[in-house]
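Engineer: Mind having a look at this structure? Questions to follow.
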Amino acid sequence: RVVKVLGELVNLQAVEHALETAGLPRARFAVIARPAERQGSELLLVVEAGVEPVQEALGHYQAGAVPVARITRVVEVAELPRSPLGKIR
């Protein structure tokens with residue numbers, strides 16, 4: 001899964017892996033792209049309610065991320081939608 005941000009390709013799976021390395025539990029968050037007028041797309045971090053340490057892990061990730069791969073917004077949801085097998089949709 002790749003998206004264009006400011007004309008550059010950003011691999012969403014690589015962003016998710018980096019956030020997991022920073023301390024977020026893999027099965028409880030997802031990175032999605034949303035259309036943005038000036039940038040082409042913006043990256044949103046969607047996390048399930050109660051996930052910790054979101055701000056600490058995000059700060060660690062943002063400090064090392066290139067500008068086009070930075071998360072622009074965090075959205076908290078009660079539960080991520082899952083397939084019958086339990087995979088995040």
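In the structure tokens, chains take letters A, B, ... by order of appearance, with residues numbered from 1 within each chain and ligands from 1 in the order shown.
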Any chance you could list, as a list in words, the residues in stretch 6-60 of chain A that come up strand (DSSP E) when DSSP is run on the backbone?
Structural biologist: Glu8, Leu9, Val10, Asn11, Phe29, Ala30, Val31, Ile32, Ala33, Arg34, Pro35, Ala36, Gly40, Ser41, Glu42, Leu43, Leu44, Leu45, Val46, Val47 and Glu48 of chain A
Engineer: May I have a table of the residues of stretch 22-79 of chain A lying at most 12 Å from stretch 11-16 of chain A, giving each one's closest pair of atoms and their distance in Å to one decimal, counting only C-alpha atoms, ordered by chain and ascending residue number, as a Markdown table?
Structural biologist:
```
| residue | atom | partner | partner_atom | distance |
| --- | --- | --- | --- | --- |
| A:Ala22 | CA | A:Glu16 | CA | 9.7 |
| A:Gly23 | CA | A:Glu16 | CA | 10.8 |
| A:Leu24 | CA | A:Glu16 | CA | 9.1 |
| A:Pro25 | CA | A:Glu16 | CA | 10.2 |
| A:Arg26 | CA | A:Glu16 | CA | 7.9 |
| A:Ala27 | CA | A:Glu16 | CA | 10.5 |
| A:Arg28 | CA | A:Glu16 | CA | 11.0 |
| A:Phe29 | CA | A:Glu16 | CA | 8.3 |
| A:Ala30 | CA | A:Glu16 | CA | 6.8 |
| A:Val31 | CA | A:Glu16 | CA | 6.3 |
| A:Ile32 | CA | A:Leu12 | CA | 7.3 |
| A:Ala33 | CA | A:Leu12 | CA | 8.3 |
| A:Ser41 | CA | A:Leu12 | CA | 11.8 |
| A:Glu42 | CA | A:Leu12 | CA | 11.2 |
| A:Leu43 | CA | A:Leu12 | CA | 8.6 |
| A:Leu44 | CA | A:Leu12 | CA | 10.3 |
| A:Leu45 | CA | A:Glu16 | CA | 9.0 |
| A:Val46 | CA | A:Glu16 | CA | 10.8 |
| A:Val47 | CA | A:Glu16 | CA | 11.5 |
| A:Ala57 | CA | A:Glu16 | CA | 11.4 |
| A:Leu58 | CA | A:Val15 | CA | 10.8 |
| A:Tyr61 | CA | A:Val15 | CA | 8.7 |
| A:Gln62 | CA | A:Val15 | CA | 10.2 |
| A:Gly64 | CA | A:Val15 | CA | 11.1 |
| A:Ala65 | CA | A:Val15 | CA | 8.7 |
| A:Val66 | CA | A:Val15 | CA | 10.6 |
| A:Val68 | CA | A:Asn11 | CA | 10.6 |
| A:Ala69 | CA | A:Val15 | CA | 7.2 |
| A:Arg70 | CA | A:Val15 | CA | 8.6 |
| A:Ile71 | CA | A:Val15 | CA | 9.1 |
```
Engineer: Please save C-alpha atoms of the selected residues as a PDB file, in the first residue's frame.
Structural biologist:
```
ATOM      1  CA  ALA A  22       8.199   2.744  18.432  1.00  0.00           C
ATOM      2  CA  GLY A  23       5.905   0.862  20.806  1.00  0.00           C
ATOM      3  CA  LEU A  24       2.357   0.691  19.450  1.00  0.00           C
ATOM      4  CA  PRO A  25       0.664  -2.738  19.591  1.00  0.00           C
ATOM      5  CA  ARG A  26       0.294  -3.866  15.949  1.00  0.00           C
ATOM      6  CA  ALA A  27      -3.222  -5.273  16.126  1.00  0.00           C
ATOM      7  CA  ARG A  28      -4.667  -2.083  17.642  1.00  0.00           C
ATOM      8  CA  PHE A  29      -3.854   0.633  15.073  1.00  0.00           C
ATOM      9  CA  ALA A  30      -3.756   1.388  11.345  1.00  0.00           C
ATOM     10  CA  VAL A  31      -2.316   4.131   9.171  1.00  0.00           C
ATOM     11  CA  ILE A  32      -4.614   5.390   6.441  1.00  0.00           C
ATOM     12  CA  ALA A  33      -4.356   8.088   3.791  1.00  0.00           C
ATOM     13  CA  SER A  41      -2.821  12.856   0.697  1.00  0.00           C
ATOM     14  CA  GLU A  42      -2.320  13.143   4.433  1.00  0.00           C
ATOM     15  CA  LEU A  43      -1.563  10.313   6.832  1.00  0.00           C
ATOM     16  CA  LEU A  44      -3.884   9.541   9.726  1.00  0.00           C
ATOM     17  CA  LEU A  45      -3.139   7.227  12.621  1.00  0.00           C
ATOM     18  CA  VAL A  46      -6.304   5.383  13.653  1.00  0.00           C
ATOM     19  CA  VAL A  47      -6.033   3.743  17.082  1.00  0.00           C
ATOM     20  CA  ALA A  57       5.326   6.279  20.286  1.00  0.00           C
ATOM     21  CA  LEU A  58       4.068   8.898  17.825  1.00  0.00           C
ATOM     22  CA  TYR A  61       8.215   8.077  15.137  1.00  0.00           C
ATOM     23  CA  GLN A  62       7.711  11.715  14.057  1.00  0.00           C
ATOM     24  CA  GLY A  64      12.800  10.250  12.775  1.00  0.00           C
ATOM     25  CA  ALA A  65      10.305  10.375   9.905  1.00  0.00           C
ATOM     26  CA  VAL A  66      10.853  12.287   6.702  1.00  0.00           C
ATOM     27  CA  VAL A  68       6.155  13.475   3.755  1.00  0.00           C
ATOM     28  CA  ALA A  69       5.736  10.374   5.962  1.00  0.00           C
ATOM     29  CA  ARG A  70       4.686  12.219   9.125  1.00  0.00           C
ATOM     30  CA  ILE A  71       1.300  11.569  10.694  1.00  0.00           C
TER      31      ILE A  71
END
```
Engineer: What's the 8 Å shell around stretch 79-84 of chain A, counting only C-alpha atoms, without same-chain residues fewer than 2 positions away, as a PyMOL selection string?
Structural biologist: chain A and resi 28-29+47-49+77+86-89
